[in-house]
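Visitor: Below: one structure in structure tokens.
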Amino acid sequence: MLKGSIVALVTPFNEDGSVNFDELGRLLEYHIENGSGGIVILGTTGEASTLSFDEEAEIVKYSVKKVNKRVPLIVGSGSNETEKAVTMSKKYSEMGADYVLVITPYYNKTNESGLIKHFTAVADASLCPVIMYNVPGRTGMSISITAMEVLAKHPNIYGVKEASGNMSYAAKVSKLLSKDFHMFSGNDDIIVPMMSIGAEGVISVLANIAPKQTAKMCELCFEEKYREANKLQNALLTTINDLFIEVNPIPVKEAMNHLGFNVGGYRAPLDYMSDKNRETLFKELDKSKEIIF
């Protein structure tokens, strides 16, 4: 069962901009060793939209072999074109992904019936379970509760990464949860509130730098020790907020390099963060090192 702290992994790059597979391997091992309950590759944090099809396939092939079923591997396969999402989901599931993460259509968006058909087509084609990704702040659209009710009944839709930040909406989703349909927080700043209403964990940016603490927060929630979990959430809250001081994944990559990882830079149009924001981020990281490590 997929649960707990699931890291939304960055894609490390070499100085020439190519994928740094040596560092990717180290990161995969680091998260397996430090309590992450699953690993997402080719997500937003992984700069998937800037990778070529060949690079994506190589990352999936490498990660499937490296992880070797020690934890669930979730692969981002969404698109605003249904046929592309179908093709990539089928391909990555055939390559060994344990789950695929599929975002709602963006830019062209769609209506409710089109959204249901979009996710249904992907779920029908994928050989592994599908996790829908609701993030209206990036896509400009949300999965309606009516559509969610329909999609939650599909036998190959495992659940939803809920990243709207809207607890009222999440509470309505929680009424649909069952042994066959699960919810994961998509926001690090509300892990505890989301798990208190039924989320099975978090798909996390924070876990890139604090896997043990993010996993611990989830474990405390599973034990219904919400006050204790909230203390840890609050201790990390400024760090969590600073990881989004600029658009993700700019700050988390800066943070990882500062803390001794070697994840390199970004793919355009992303660029290095401002000196002022970098100073703010590094100051908080240095204050939080005892908590993080």
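Following the order of the structure tokens, first chain is A, next is B, and so on, with residues numbered from 1 inside each chain and ligands from 1 in the order they appear.
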Need to verify the contact set: range 155-161 of chain A, 9 Å, only C-alpha atoms, exclusion of same-chain residues closer than 3 positions in sequence. Can you return it as an MDAnalysis selection string?
Guide: chainID A and resid 99 101 119:120 123:124 126:135 151:152 177 180:186 202:203
Visitor: Restricting it to N, CA and C atoms, dump the selection as a tab-separated table (two decimals), in the first residue's frame.
Guide:
```
chain	number	residue	atom	x	y	z
A	99	TYR	N	3.07	3.08	-10.08
A	99	TYR	CA	1.93	3.97	-10.25
A	99	TYR	C	2.31	5.02	-11.28
A	101	LEU	N	1.37	9.14	-12.18
A	101	LEU	CA	0.77	10.37	-11.64
A	101	LEU	C	0.34	11.23	-12.83
A	119	PHE	N	-9.30	11.06	-17.83
A	119	PHE	CA	-8.74	10.17	-16.82
A	119	PHE	C	-9.17	8.72	-17.04
A	120	THR	N	-10.39	8.54	-17.54
A	120	THR	CA	-10.85	7.18	-17.83
A	120	THR	C	-10.00	6.53	-18.92
A	123	ALA	N	-6.63	5.60	-17.38
A	123	ALA	CA	-6.76	4.48	-16.45
A	123	ALA	C	-7.04	3.17	-17.19
A	124	ASP	N	-7.79	3.24	-18.27
A	124	ASP	CA	-8.07	2.03	-19.06
A	124	ASP	C	-6.81	1.50	-19.73
A	126	SER	N	-3.43	2.19	-18.77
A	126	SER	CA	-2.27	1.94	-17.91
A	126	SER	C	-2.30	0.55	-17.32
A	127	LEU	N	-1.13	-0.07	-17.25
A	127	LEU	CA	-1.01	-1.39	-16.64
A	127	LEU	C	-0.82	-1.30	-15.14
A	128	CYS	N	-0.62	-0.09	-14.62
A	128	CYS	CA	-0.48	0.11	-13.18
A	128	CYS	C	-1.50	1.16	-12.73
A	129	PRO	N	-1.76	1.25	-11.43
A	129	PRO	CA	-2.78	2.18	-10.94
A	129	PRO	C	-2.41	3.65	-11.22
A	130	VAL	N	-3.45	4.46	-11.37
A	130	VAL	CA	-3.33	5.87	-11.69
A	130	VAL	C	-3.62	6.72	-10.46
A	131	ILE	N	-2.78	7.71	-10.21
A	131	ILE	CA	-3.05	8.73	-9.20
A	131	ILE	C	-3.33	10.03	-9.94
A	132	MET	N	-4.50	10.58	-9.77
A	132	MET	CA	-4.82	11.86	-10.39
A	132	MET	C	-4.14	12.98	-9.61
A	133	TYR	N	-3.86	14.08	-10.29
A	133	TYR	CA	-3.14	15.20	-9.68
A	133	TYR	C	-3.98	16.46	-9.86
A	134	ASN	N	-4.49	16.96	-8.74
A	134	ASN	CA	-5.34	18.15	-8.75
A	134	ASN	C	-4.53	19.34	-8.24
A	135	VAL	N	-4.11	20.23	-9.14
A	135	VAL	CA	-3.30	21.38	-8.74
A	135	VAL	C	-3.74	22.60	-9.54
A	151	LEU	N	-14.90	9.22	-11.05
A	151	LEU	CA	-13.56	8.67	-11.26
A	151	LEU	C	-13.10	7.79	-10.10
A	152	ALA	N	-13.58	8.09	-8.89
A	152	ALA	CA	-13.20	7.29	-7.72
A	152	ALA	C	-13.68	5.85	-7.84
A	177	LEU	N	-13.35	8.67	0.10
A	177	LEU	CA	-12.22	7.76	0.34
A	177	LEU	C	-12.71	6.38	0.78
A	180	ASP	N	-10.32	1.47	-1.77
A	180	ASP	CA	-9.94	1.48	-3.18
A	180	ASP	C	-9.63	2.88	-3.72
A	181	PHE	N	-9.87	3.91	-2.92
A	181	PHE	CA	-9.64	5.27	-3.39
A	181	PHE	C	-9.00	6.09	-2.28
A	182	HIS	N	-7.82	6.66	-2.56
A	182	HIS	CA	-6.99	7.26	-1.54
A	182	HIS	C	-6.65	8.70	-1.89
A	183	MET	N	-6.35	9.48	-0.87
A	183	MET	CA	-5.95	10.88	-1.07
A	183	MET	C	-4.58	11.11	-0.44
A	184	PHE	N	-3.77	11.93	-1.14
A	184	PHE	CA	-2.46	12.34	-0.63
A	184	PHE	C	-2.39	13.86	-0.66
A	185	SER	N	-1.84	14.43	0.40
A	185	SER	CA	-1.64	15.87	0.40
A	185	SER	C	-0.60	16.23	-0.65
A	186	GLY	N	-0.87	17.29	-1.39
A	186	GLY	CA	0.12	17.81	-2.33
A	186	GLY	C	0.78	19.07	-1.83
A	202	VAL	N	1.76	12.31	2.08
A	202	VAL	CA	2.04	13.51	1.31
A	202	VAL	C	2.98	13.18	0.16
A	203	ILE	N	2.74	13.81	-0.98
A	203	ILE	CA	3.72	13.81	-2.06
A	203	ILE	C	4.46	15.13	-1.91
```
Visitor: Among the residues of range 41-100 of chain A, find those DSSP assigns to strand (DSSP E) from the backbone and print them as JSON, numbers by chain.
Guide: {"A": [41, 73, 74, 75, 76, 99, 100]}
Visitor: Mind dumping the selected residues with C-alpha atoms as a PDB file, in the first residue's frame?
Guide:
```pdb
ATOM      1  CA  ILE A  41      10.005  10.969 -10.740  1.00  0.00           C
ATOM      2  CA  LEU A  73       8.018   4.233  -7.803  1.00  0.00           C
ATOM      3  CA  ILE A  74       5.508   6.746  -9.160  1.00  0.00           C
ATOM      4  CA  VAL A  75       6.115   8.222 -12.608  1.00  0.00           C
ATOM      5  CA  GLY A  76       4.575  11.442 -13.878  1.00  0.00           C
ATOM      6  CA  TYR A  99       1.925   3.965 -10.253  1.00  0.00           C
ATOM      7  CA  VAL A 100       1.561   6.813 -12.724  1.00  0.00           C
TER       8      VAL A 100
END
```
Visitor: Tell me, in Å to one decimal, how far CA of Ser168 in chain A is from CA of Tyr226 in chain A.
Guide: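 Answer for the CA of Ser168 in chain A to CA of Tyr226 in chain A separation: 19.1 Å.
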Visitor: Can you work out the spacing between CA of Ala85 in chain A and CA of Ile103 in chain A in Å, to one decimal?
Guide: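 Taking CA of Ala85 in chain A as the start and CA of Ile103 in chain A as the end point, the length is 9.1 Å.
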Visitor: Give me, as a compact mmCIF listing (two decimals) with N, CA and C atoms, in the first residue's frame, the residues of range 2-182 of chain A that a backbone DSSP run labels alpha helix (DSSP H).
Guide:
```txt
# COMPACT_ATOMS: atom_id res chain seq x y z
N PHE A 21 22.99 11.12 -13.87
CA PHE A 21 22.47 9.83 -13.42
C PHE A 21 23.21 9.33 -12.18
N ASP A 22 24.47 9.67 -12.01
CA ASP A 22 25.18 9.27 -10.79
C ASP A 22 24.52 9.88 -9.56
N GLU A 23 24.20 11.17 -9.64
CA GLU A 23 23.55 11.82 -8.50
C GLU A 23 22.12 11.33 -8.34
N LEU A 24 21.44 11.04 -9.44
CA LEU A 24 20.09 10.48 -9.35
C LEU A 24 20.12 9.17 -8.58
N GLY A 25 21.08 8.34 -8.87
CA GLY A 25 21.21 7.08 -8.15
C GLY A 25 21.44 7.29 -6.67
N ARG A 26 22.29 8.28 -6.32
CA ARG A 26 22.55 8.58 -4.91
C ARG A 26 21.28 9.07 -4.22
N LEU A 27 20.51 9.90 -4.92
CA LEU A 27 19.27 10.41 -4.33
C LEU A 27 18.26 9.29 -4.10
N LEU A 28 18.13 8.39 -5.05
CA LEU A 28 17.20 7.27 -4.88
C LEU A 28 17.59 6.43 -3.67
N GLU A 29 18.86 6.14 -3.52
CA GLU A 29 19.33 5.37 -2.36
C GLU A 29 19.10 6.15 -1.07
N TYR A 30 19.36 7.44 -1.09
CA TYR A 30 19.21 8.30 0.08
C TYR A 30 17.77 8.24 0.60
N HIS A 31 16.82 8.29 -0.30
CA HIS A 31 15.42 8.30 0.13
C HIS A 31 14.96 6.92 0.59
N ILE A 32 15.43 5.88 -0.01
CA ILE A 32 15.10 4.54 0.45
C ILE A 32 15.66 4.32 1.86
N GLU A 33 16.87 4.81 2.09
CA GLU A 33 17.53 4.62 3.38
C GLU A 33 16.96 5.51 4.47
N PHE A 53 11.56 13.26 -24.60
CA PHE A 53 10.99 11.92 -24.44
C PHE A 53 12.08 10.89 -24.16
N ASP A 54 13.21 11.02 -24.85
CA ASP A 54 14.31 10.07 -24.64
C ASP A 54 14.87 10.19 -23.22
N GLU A 55 15.03 11.43 -22.73
CA GLU A 55 15.53 11.62 -21.37
C GLU A 55 14.56 11.04 -20.35
N GLU A 56 13.28 11.28 -20.56
CA GLU A 56 12.28 10.73 -19.64
C GLU A 56 12.37 9.20 -19.60
N ALA A 57 12.45 8.60 -20.75
CA ALA A 57 12.51 7.13 -20.81
C ALA A 57 13.77 6.61 -20.11
N GLU A 58 14.89 7.29 -20.29
CA GLU A 58 16.14 6.86 -19.65
C GLU A 58 16.04 6.99 -18.13
N ILE A 59 15.40 8.07 -17.66
CA ILE A 59 15.24 8.26 -16.22
C ILE A 59 14.35 7.17 -15.63
N VAL A 60 13.28 6.84 -16.34
CA VAL A 60 12.39 5.78 -15.86
C VAL A 60 13.12 4.43 -15.84
N LYS A 61 13.79 4.13 -16.93
CA LYS A 61 14.53 2.86 -17.02
C LYS A 61 15.55 2.74 -15.89
N TYR A 62 16.32 3.81 -15.69
CA TYR A 62 17.36 3.81 -14.65
C TYR A 62 16.73 3.67 -13.27
N SER A 63 15.67 4.42 -13.00
CA SER A 63 15.07 4.44 -11.67
C SER A 63 14.39 3.13 -11.33
N VAL A 64 13.71 2.54 -12.30
CA VAL A 64 13.06 1.24 -12.08
C VAL A 64 14.10 0.21 -11.66
N LYS A 65 15.21 0.19 -12.37
CA LYS A 65 16.27 -0.78 -12.06
C LYS A 65 16.91 -0.49 -10.71
N LYS A 66 17.16 0.77 -10.43
CA LYS A 66 17.84 1.16 -9.20
C LYS A 66 16.97 0.91 -7.97
N VAL A 67 15.72 1.31 -8.04
CA VAL A 67 14.82 1.15 -6.90
C VAL A 67 14.48 -0.32 -6.67
N THR A 82 -4.86 14.15 -24.31
CA THR A 82 -5.26 12.85 -23.77
C THR A 82 -4.48 11.70 -24.39
N GLU A 83 -4.32 11.70 -25.70
CA GLU A 83 -3.62 10.59 -26.35
C GLU A 83 -2.16 10.49 -25.89
N LYS A 84 -1.54 11.63 -25.66
CA LYS A 84 -0.17 11.61 -25.16
C LYS A 84 -0.14 11.05 -23.74
N ALA A 85 -1.06 11.46 -22.89
CA ALA A 85 -1.12 10.94 -21.53
C ALA A 85 -1.37 9.44 -21.53
N VAL A 86 -2.22 8.98 -22.43
CA VAL A 86 -2.49 7.55 -22.56
C VAL A 86 -1.23 6.81 -22.97
N THR A 87 -0.55 7.33 -24.01
CA THR A 87 0.65 6.68 -24.53
C THR A 87 1.75 6.60 -23.48
N MET A 88 2.00 7.72 -22.78
CA MET A 88 3.09 7.76 -21.81
C MET A 88 2.76 6.90 -20.58
N SER A 89 1.50 6.92 -20.16
CA SER A 89 1.11 6.11 -19.01
C SER A 89 1.27 4.62 -19.31
N LYS A 90 0.84 4.22 -20.49
CA LYS A 90 0.99 2.82 -20.90
C LYS A 90 2.47 2.44 -20.99
N LYS A 91 3.26 3.34 -21.59
CA LYS A 91 4.68 3.07 -21.77
C LYS A 91 5.40 2.92 -20.43
N TYR A 92 5.18 3.87 -19.52
CA TYR A 92 5.90 3.83 -18.24
C TYR A 92 5.42 2.69 -17.36
N SER A 93 4.15 2.35 -17.46
CA SER A 93 3.67 1.19 -16.69
C SER A 93 4.29 -0.10 -17.23
N GLU A 94 4.46 -0.17 -18.53
CA GLU A 94 5.11 -1.34 -19.13
C GLU A 94 6.59 -1.40 -18.74
N MET A 95 7.19 -0.24 -18.50
CA MET A 95 8.61 -0.19 -18.12
C MET A 95 8.84 -0.53 -16.66
N GLU A 112 -16.30 19.19 -17.65
CA GLU A 112 -16.40 18.07 -16.71
C GLU A 112 -16.44 16.72 -17.42
N SER A 113 -17.24 16.63 -18.48
CA SER A 113 -17.33 15.35 -19.20
C SER A 113 -16.01 15.01 -19.87
N GLY A 114 -15.32 16.03 -20.40
CA GLY A 114 -14.02 15.80 -21.02
C GLY A 114 -12.99 15.34 -20.02
N LEU A 115 -13.06 15.88 -18.80
CA LEU A 115 -12.12 15.49 -17.75
C LEU A 115 -12.32 14.03 -17.35
N ILE A 116 -13.57 13.64 -17.23
CA ILE A 116 -13.87 12.25 -16.89
C ILE A 116 -13.35 11.32 -17.98
N LYS A 117 -13.58 11.69 -19.23
CA LYS A 117 -13.11 10.86 -20.35
C LYS A 117 -11.59 10.81 -20.39
N HIS A 118 -10.93 11.94 -20.07
CA HIS A 118 -9.46 12.02 -20.07
C HIS A 118 -8.87 11.00 -19.09
N PHE A 119 -9.30 11.06 -17.83
CA PHE A 119 -8.74 10.17 -16.82
C PHE A 119 -9.17 8.72 -17.04
N THR A 120 -10.39 8.54 -17.54
CA THR A 120 -10.85 7.18 -17.83
C THR A 120 -10.00 6.53 -18.92
N ALA A 121 -9.69 7.29 -19.97
CA ALA A 121 -8.86 6.75 -21.06
C ALA A 121 -7.48 6.36 -20.56
N VAL A 122 -6.89 7.19 -19.69
CA VAL A 122 -5.57 6.87 -19.14
C VAL A 122 -5.65 5.64 -18.26
N ALA A 123 -6.63 5.60 -17.38
CA ALA A 123 -6.76 4.48 -16.45
C ALA A 123 -7.04 3.17 -17.19
N ASP A 124 -7.79 3.24 -18.27
CA ASP A 124 -8.07 2.03 -19.06
C ASP A 124 -6.81 1.50 -19.73
N ALA A 125 -5.89 2.41 -20.09
CA ALA A 125 -4.69 2.01 -20.84
C ALA A 125 -3.53 1.60 -19.96
N PRO A 136 -4.90 23.16 -9.21
CA PRO A 136 -5.46 24.26 -10.00
C PRO A 136 -4.58 25.49 -10.09
N GLY A 137 -3.70 25.70 -9.10
CA GLY A 137 -2.81 26.84 -9.16
C GLY A 137 -1.86 26.80 -10.34
N ARG A 138 -1.56 25.60 -10.84
CA ARG A 138 -0.68 25.46 -12.01
C ARG A 138 -1.47 25.22 -13.30
N THR A 139 -2.60 24.54 -13.19
CA THR A 139 -3.30 24.13 -14.41
C THR A 139 -4.46 25.04 -14.80
N ILE A 145 -16.06 17.88 -7.66
CA ILE A 145 -16.44 16.78 -6.79
C ILE A 145 -17.33 15.79 -7.55
N THR A 146 -18.16 16.29 -8.42
CA THR A 146 -19.01 15.40 -9.24
C THR A 146 -18.15 14.47 -10.10
N ALA A 147 -17.13 15.04 -10.75
CA ALA A 147 -16.22 14.22 -11.56
C ALA A 147 -15.43 13.26 -10.68
N MET A 148 -15.01 13.74 -9.50
CA MET A 148 -14.25 12.90 -8.58
C MET A 148 -15.08 11.68 -8.15
N GLU A 149 -16.36 11.89 -7.92
CA GLU A 149 -17.25 10.78 -7.54
C GLU A 149 -17.27 9.70 -8.61
N VAL A 150 -17.31 10.11 -9.87
CA VAL A 150 -17.32 9.16 -10.98
C VAL A 150 -15.97 8.45 -11.07
N LEU A 151 -14.90 9.22 -11.05
CA LEU A 151 -13.56 8.67 -11.26
C LEU A 151 -13.10 7.79 -10.10
N MET A 167 -8.92 23.34 2.11
CA MET A 167 -9.32 22.28 3.03
C MET A 167 -10.81 21.96 2.92
N SER A 168 -11.63 22.95 2.56
CA SER A 168 -13.05 22.69 2.38
C SER A 168 -13.28 21.71 1.23
N TYR A 169 -12.55 21.91 0.13
CA TYR A 169 -12.61 21.00 -1.02
C TYR A 169 -12.09 19.62 -0.61
N ALA A 170 -10.96 19.60 0.09
CA ALA A 170 -10.36 18.32 0.50
C ALA A 170 -11.29 17.53 1.41
N ALA A 171 -12.05 18.24 2.24
CA ALA A 171 -13.01 17.57 3.13
C ALA A 171 -14.09 16.87 2.32
N LYS A 172 -14.49 17.50 1.22
CA LYS A 172 -15.48 16.86 0.34
C LYS A 172 -14.89 15.64 -0.35
N VAL A 173 -13.62 15.73 -0.76
CA VAL A 173 -12.95 14.56 -1.34
C VAL A 173 -12.87 13.44 -0.32
N SER A 174 -12.62 13.80 0.94
CA SER A 174 -12.45 12.78 1.99
C SER A 174 -13.69 11.90 2.16
```
